[in-house]
Amino acid sequence: NAPGGVISQTRKRSGPLYGALEAGGTKWVCAVGTGPDDIRATARFATTAPGATIAQAIAFFRPHQDALTAMGIGSFGPLDPDPGSPTFGWITDTPKPGWAQTDLAGAMRRALGVPVAFDTDVNAAALGEYQWGAAQRLDSLIYITVGTGLGGGAMVHGRLIHGLLHPEMGHIRVPHDWTADPFPGTCPFHGDCLEGLASGPALEARWGQRGETLPADHPAWELEAQYLAHGLVSMICMLSPQRLILGGGVMLQTHLFPRIRRLVHHVLNGYIRAPALIDGIDTYIVPPALGERAGVLGAMALARVLSPNTTKTQ
């Protein structure tokens, strides 16, 4: 068994086999399979130092490498997703201690000898939800994760957004009433950006305990919903997504969803008259249909797009 524990499933299908790696700031999740209904093996383990963590992932994939067609990695960032760049596949100027300038995709490609697709964890999750989850049959969406960090991935016309680098939706500014909330924020770059005010670490730093320990009627949650609603309204106005999918550990507090929907209505104040926002907001702002598997299945979707043996959906 690989480090972290491997779970094998007996249901198997023919066709190309893919490796998937969700490289999160807190944990890594690895999988081998062809899609959500055909996962051959999985493992998860804590994110520690780069060398040790990458070695654990390689050890997991090594027994499968001869069968793999391609591998997809969805990683925390910032990172370089440009295949034409000399630092493609690197985690770049991340604030996570010890991880800046880490060649993640290159290390996996050299060790396993397979093509590697590389993108942000949230872009990967967006692609997974587009392929198999809550955004099927749509051509635009935003996926937001609210957890150790706060980030967003987006698809427009069925293609992931990159451009200059990749979306950094967690670092937009939102209204901050310093009298009602004197908390300065946790972002080492911007202080009170959306991530600095609404991520999991921000909840813990502001209230002195982890979010999952706070009761549903705690004032933390109305404030959390307020910040998230302001951020989502900015994203709605900029990209006009057909669906907003909210995942990550903080959003396991499902009572946040009705609060956020109500406050999105309030902040928009009737300006955007789309039926999805007026009458269908319960199906417009939703949790990931793939649940906690959105990230690793999104990485598998990246590998499928890269493979010449699959239909291109990106």
# chains A, B, ... in the order shown; residues from 1 in each chain; ligands from 1

$ select_by_dssp --residues "segment 75-247 of chain A" --states "helix (DSSP H, G or I)" --output "JSON, numbers by chain"
{"A": [104, 105, 106, 107, 108, 109, 110, 111, 112, 121, 122, 123, 124, 125, 126, 127, 128, 129, 130, 131, 132, 169, 170, 171, 194, 195, 196, 197, 198, 200, 201, 202, 203, 204, 205, 206, 207, 211, 212, 213, 219, 220, 221, 222, 223, 224, 225, 226, 227, 228, 229, 230, 231, 232, 233, 234, 235, 236, 237, 238, 239]}

$ residues_around --residues "segment 236-247 of chain A" --least-positions-apart "6" --cutoff "6 Å" --atoms "only C-alpha atoms" --output "list of chain:residue names"
A:Ser140, A:Leu141, A:Ile142, A:Tyr143, A:Ile144, A:Thr145, A:Tyr284, A:Ile285, A:Val286, A:Pro287, A:Pro288

$ write_last_selection --atoms "C-alpha atoms" --output "mmCIF file, in the first residue's frame"
data_model
loop_
_atom_site.group_PDB
_atom_site.id
_atom_site.type_symbol
_atom_site.label_atom_id
_atom_site.label_comp_id
_atom_site.auth_asym_id
_atom_site.auth_seq_id
_atom_site.Cartn_x
_atom_site.Cartn_y
_atom_site.Cartn_z
ATOM 1 C CA SER A 140 -20.229 28.953 -18.036
ATOM 2 C CA LEU A 141 -19.707 28.556 -14.313
ATOM 3 C CA ILE A 142 -17.663 29.688 -11.356
ATOM 4 C CA TYR A 143 -16.400 27.291 -8.713
ATOM 5 C CA ILE A 144 -15.401 28.828 -5.382
ATOM 6 C CA THR A 145 -13.654 26.965 -2.597
ATOM 7 C CA TYR A 284 -28.071 28.838 -8.995
ATOM 8 C CA ILE A 285 -25.838 28.999 -5.897
ATOM 9 C CA VAL A 286 -25.223 25.365 -5.022
ATOM 10 C CA PRO A 287 -22.753 22.955 -3.401
ATOM 11 C CA PRO A 288 -20.623 20.750 -5.671
#

$ atom_distance --atom1 "atom CA of Glu204 of chain A" --atom2 "atom CA of Pro78 of chain A"
23.0 Å

$ residues_around --residues "segment 158-173 of chain A" --least-positions-apart "5" --cutoff "6 Å" --atoms "only C-alpha atoms" --output "list in words"
Asp139, Leu150, Gly151, Gly152, Cys193, Leu194, Glu195 and Gln314 of chain A

$ select_by_dssp --residues "segment 48-269 of chain A" --states "strand (DSSP E or B)" --output "MDAnalysis selection string"
chainID A and resid 68:75 79 90:91 102:103 116:120 140:146 150:156 159:160 173 187 191 193 244:247

$ atom_distance --atom1 "atom CA of Phe45 of chain A" --atom2 "atom CA of Ala57 of chain A"
8.9 Å

$ residues_around --residues "segment 91-96 of chain A" --least-positions-apart "2" --cutoff "7 Å" --atoms "only C-alpha atoms" --output "list in words"
Gly77, Pro78, Leu79, Asp80, Gly89, Gly98, Trp99, Ala100, Gln101, Thr102, Asp103 and Leu104 of chain A

$ residues_around --residues "Thr53 of chain A" --least-positions-apart "4" --cutoff "10 Å" --atoms "only C-alpha atoms" --output "ChimeraX atom specification"
/A:3,23,27-28,45-49,57-59

$ residues_around --residues "segment 211-223 of chain A" --least-positions-apart "5" --cutoff "8 Å" --atoms "only C-alpha atoms" --output "ChimeraX atom specification"
/A:200,203-204,250,253,255-256,259

$ write_last_selection --atoms "all heavy atoms" --output "short mmCIF file (atom, residue, chain, number, x, y, z; two decimals), in the first residue's frame"
data_model
loop_
_atom_site.label_atom_id
_atom_site.label_comp_id
_atom_site.auth_asym_id
_atom_site.auth_seq_id
_atom_site.Cartn_x
_atom_site.Cartn_y
_atom_site.Cartn_z
N GLY A 200 -11.21 29.85 6.04
CA GLY A 200 -11.23 29.11 7.29
C GLY A 200 -10.28 29.69 8.34
O GLY A 200 -10.68 29.90 9.50
N LEU A 203 -11.77 32.82 9.86
CA LEU A 203 -12.80 32.51 10.86
C LEU A 203 -12.15 32.17 12.21
O LEU A 203 -12.56 32.69 13.26
CB LEU A 203 -13.64 31.32 10.39
CG LEU A 203 -14.82 31.60 9.47
CD1 LEU A 203 -15.33 30.29 8.89
CD2 LEU A 203 -15.94 32.31 10.21
N GLU A 204 -11.15 31.31 12.17
CA GLU A 204 -10.52 30.88 13.41
C GLU A 204 -9.80 32.03 14.10
O GLU A 204 -9.87 32.19 15.33
CB GLU A 204 -9.54 29.74 13.12
CG GLU A 204 -8.91 29.17 14.38
CD GLU A 204 -8.04 27.95 14.10
OE1 GLU A 204 -7.92 27.55 12.92
OE2 GLU A 204 -7.48 27.39 15.06
N VAL A 250 -15.33 25.16 4.71
CA VAL A 250 -16.25 26.10 5.36
C VAL A 250 -17.68 25.89 4.85
O VAL A 250 -18.65 25.98 5.62
CB VAL A 250 -15.79 27.55 5.15
CG1 VAL A 250 -16.84 28.55 5.65
CG2 VAL A 250 -14.46 27.80 5.87
N GLN A 253 -20.73 23.81 6.20
CA GLN A 253 -21.78 24.42 7.04
C GLN A 253 -22.94 24.80 6.12
O GLN A 253 -23.03 25.91 5.62
CB GLN A 253 -21.23 25.64 7.76
CG GLN A 253 -20.00 25.38 8.61
CD GLN A 253 -20.30 24.49 9.79
OE1 GLN A 253 -21.36 24.61 10.42
NE2 GLN A 253 -19.38 23.59 10.11
N HIS A 255 -25.90 25.55 6.37
CA HIS A 255 -26.79 26.66 6.71
C HIS A 255 -26.30 27.97 6.10
O HIS A 255 -27.04 28.97 6.09
CB HIS A 255 -26.91 26.81 8.23
CG HIS A 255 -25.61 27.01 8.93
ND1 HIS A 255 -24.99 28.23 9.03
CD2 HIS A 255 -24.79 26.13 9.58
CE1 HIS A 255 -23.85 28.10 9.69
NE2 HIS A 255 -23.70 26.84 10.04
N LEU A 256 -25.06 27.99 5.59
CA LEU A 256 -24.56 29.20 4.94
C LEU A 256 -25.27 29.46 3.61
O LEU A 256 -25.42 30.62 3.19
CB LEU A 256 -23.05 29.08 4.67
CG LEU A 256 -22.12 29.53 5.79
CD1 LEU A 256 -20.68 29.16 5.46
CD2 LEU A 256 -22.24 31.03 6.03
N ARG A 259 -28.36 31.75 3.70
CA ARG A 259 -27.92 33.09 4.08
C ARG A 259 -27.27 33.80 2.89
O ARG A 259 -27.55 34.98 2.63
CB ARG A 259 -26.89 33.02 5.22
CG ARG A 259 -27.39 32.46 6.54
CD ARG A 259 -26.21 32.32 7.49
NE ARG A 259 -26.52 31.59 8.72
CZ ARG A 259 -26.85 32.15 9.87
NH1 ARG A 259 -26.94 33.46 9.96
NH2 ARG A 259 -27.09 31.40 10.93
#

$ residues_around --residues "Val174 of chain A" --least-positions-apart "4" --cutoff "10 Å" --atoms "only C-alpha atoms" --output "list of chain:residue names"
A:Asp192, A:Cys193, A:Leu194, A:Glu195, A:Leu197, A:Gln226, A:Tyr227, A:Leu228, A:Ala229, A:His230, A:Gly231, A:Leu232, A:Ser234

$ write_last_selection --atoms "N, CA, C and O atoms" --output "short mmCIF file (atom, residue, chain, number, x, y, z; two decimals), in the first residue's frame"
data_model
loop_
_atom_site.label_atom_id
_atom_site.label_comp_id
_atom_site.auth_asym_id
_atom_site.auth_seq_id
_atom_site.Cartn_x
_atom_site.Cartn_y
_atom_site.Cartn_z
N ASP A 192 -7.30 42.52 4.37
CA ASP A 192 -8.74 42.26 4.38
C ASP A 192 -9.35 42.09 2.99
O ASP A 192 -10.42 42.61 2.69
N CYS A 193 -8.68 41.33 2.11
CA CYS A 193 -9.33 40.89 0.88
C CYS A 193 -10.35 39.82 1.24
O CYS A 193 -10.53 39.46 2.41
N LEU A 194 -11.05 39.26 0.25
CA LEU A 194 -12.08 38.26 0.53
C LEU A 194 -11.49 37.07 1.27
O LEU A 194 -12.07 36.60 2.26
N GLU A 195 -10.34 36.56 0.81
CA GLU A 195 -9.72 35.45 1.52
C GLU A 195 -9.32 35.83 2.94
O GLU A 195 -9.49 35.05 3.88
N LEU A 197 -10.70 37.82 4.91
CA LEU A 197 -11.84 38.01 5.79
C LEU A 197 -12.72 36.78 5.94
O LEU A 197 -13.43 36.64 6.95
N GLN A 226 -22.17 37.50 4.56
CA GLN A 226 -22.12 38.85 4.01
C GLN A 226 -20.90 39.04 3.12
O GLN A 226 -21.01 39.55 2.00
N TYR A 227 -19.73 38.64 3.61
CA TYR A 227 -18.52 38.80 2.80
C TYR A 227 -18.59 37.94 1.54
O TYR A 227 -18.24 38.39 0.44
N LEU A 228 -19.04 36.71 1.69
CA LEU A 228 -19.12 35.84 0.52
C LEU A 228 -20.14 36.37 -0.49
O LEU A 228 -19.89 36.34 -1.71
N ALA A 229 -21.26 36.87 -0.03
CA ALA A 229 -22.27 37.42 -0.95
C ALA A 229 -21.72 38.60 -1.74
O ALA A 229 -21.93 38.71 -2.95
N HIS A 230 -21.00 39.50 -1.07
CA HIS A 230 -20.41 40.63 -1.79
C HIS A 230 -19.41 40.14 -2.85
O HIS A 230 -19.38 40.65 -3.97
N GLY A 231 -18.61 39.14 -2.49
CA GLY A 231 -17.68 38.61 -3.47
C GLY A 231 -18.39 37.97 -4.65
O GLY A 231 -18.02 38.18 -5.81
N LEU A 232 -19.43 37.20 -4.38
CA LEU A 232 -20.16 36.54 -5.45
C LEU A 232 -20.86 37.54 -6.37
O LEU A 232 -20.90 37.34 -7.59
N SER A 234 -19.83 40.49 -7.14
CA SER A 234 -18.80 41.01 -8.05
C SER A 234 -18.54 40.02 -9.19
O SER A 234 -18.40 40.41 -10.35
#

$ closest_atom_pairs --of "segment 36-136 of chain A" --to "segment 294-304 of chain A" --cutoff "7 Å" --atoms "only C-alpha atoms" --output "JSON lines"
{"residue": "A:Pro36", "atom": "CA", "partner": "A:Leu297", "partner_atom": "CA", "distance": 6.8}
{"residue": "A:Ala70", "atom": "CA", "partner": "A:Ala303", "partner_atom": "CA", "distance": 5.4}
{"residue": "A:Met71", "atom": "CA", "partner": "A:Ala303", "partner_atom": "CA", "distance": 4.9}
{"residue": "A:Gly72", "atom": "CA", "partner": "A:Ala303", "partner_atom": "CA", "distance": 4.3}
{"residue": "A:Ile73", "atom": "CA", "partner": "A:Ala299", "partner_atom": "CA", "distance": 5.1}
{"residue": "A:Gly74", "atom": "CA", "partner": "A:Ala299", "partner_atom": "CA", "distance": 5.2}
{"residue": "A:Ala117", "atom": "CA", "partner": "A:Ala303", "partner_atom": "CA", "distance": 5.8}
{"residue": "A:Asp121", "atom": "CA", "partner": "A:Gly295", "partner_atom": "CA", "distance": 6.1}
{"residue": "A:Ala124", "atom": "CA", "partner": "A:Gly298", "partner_atom": "CA", "distance": 4.3}
{"residue": "A:Ala125", "atom": "CA", "partner": "A:Gly298", "partner_atom": "CA", "distance": 4.5}
{"residue": "A:Ala126", "atom": "CA", "partner": "A:Gly298", "partner_atom": "CA", "distance": 6.9}
{"residue": "A:Leu127", "atom": "CA", "partner": "A:Gly298", "partner_atom": "CA", "distance": 5.5}
{"residue": "A:Gly128", "atom": "CA", "partner": "A:Gly298", "partner_atom": "CA", "distance": 3.8}
{"residue": "A:Glu129", "atom": "CA", "partner": "A:Ala294", "partner_atom": "CA", "distance": 6.7}

$ write_last_selection --atoms "N, CA and C atoms" --output "compact mmCIF listing (two decimals), in the first residue's frame"
# COMPACT_ATOMS: atom_id res chain seq x y z
N PRO A 36 -15.71 9.18 -12.35
CA PRO A 36 -16.31 9.06 -11.02
C PRO A 36 -16.79 7.65 -10.67
N ALA A 70 -2.24 9.47 -18.97
CA ALA A 70 -1.90 10.86 -18.64
C ALA A 70 -2.21 11.09 -17.18
N MET A 71 -1.74 12.22 -16.67
CA MET A 71 -1.98 12.58 -15.29
C MET A 71 -2.42 14.04 -15.22
N GLY A 72 -3.35 14.33 -14.33
CA GLY A 72 -3.79 15.71 -14.10
C GLY A 72 -3.50 16.13 -12.68
N ILE A 73 -3.05 17.36 -12.52
CA ILE A 73 -2.77 17.92 -11.20
C ILE A 73 -3.56 19.21 -11.04
N GLY A 74 -4.36 19.30 -9.99
CA GLY A 74 -4.99 20.54 -9.58
C GLY A 74 -4.35 20.95 -8.27
N ALA A 117 -1.06 17.28 -17.11
CA ALA A 117 -1.83 18.51 -17.19
C ALA A 117 -1.81 19.18 -15.83
N ASP A 121 -6.25 24.16 -8.31
CA ASP A 121 -7.21 23.20 -7.75
C ASP A 121 -8.65 23.63 -8.02
N ALA A 124 -9.49 23.06 -11.71
CA ALA A 124 -9.73 21.62 -11.88
C ALA A 124 -11.11 21.24 -11.37
N ALA A 125 -11.48 21.73 -10.19
CA ALA A 125 -12.80 21.41 -9.64
C ALA A 125 -13.91 21.93 -10.54
N ALA A 126 -13.71 23.12 -11.10
CA ALA A 126 -14.70 23.67 -12.04
C ALA A 126 -14.86 22.73 -13.23
N LEU A 127 -13.76 22.23 -13.77
CA LEU A 127 -13.83 21.32 -14.90
C LEU A 127 -14.51 20.01 -14.52
N GLY A 128 -14.21 19.50 -13.32
CA GLY A 128 -14.87 18.28 -12.87
C GLY A 128 -16.38 18.44 -12.76
N GLU A 129 -16.82 19.58 -12.21
CA GLU A 129 -18.25 19.82 -12.08
C GLU A 129 -18.91 20.02 -13.46
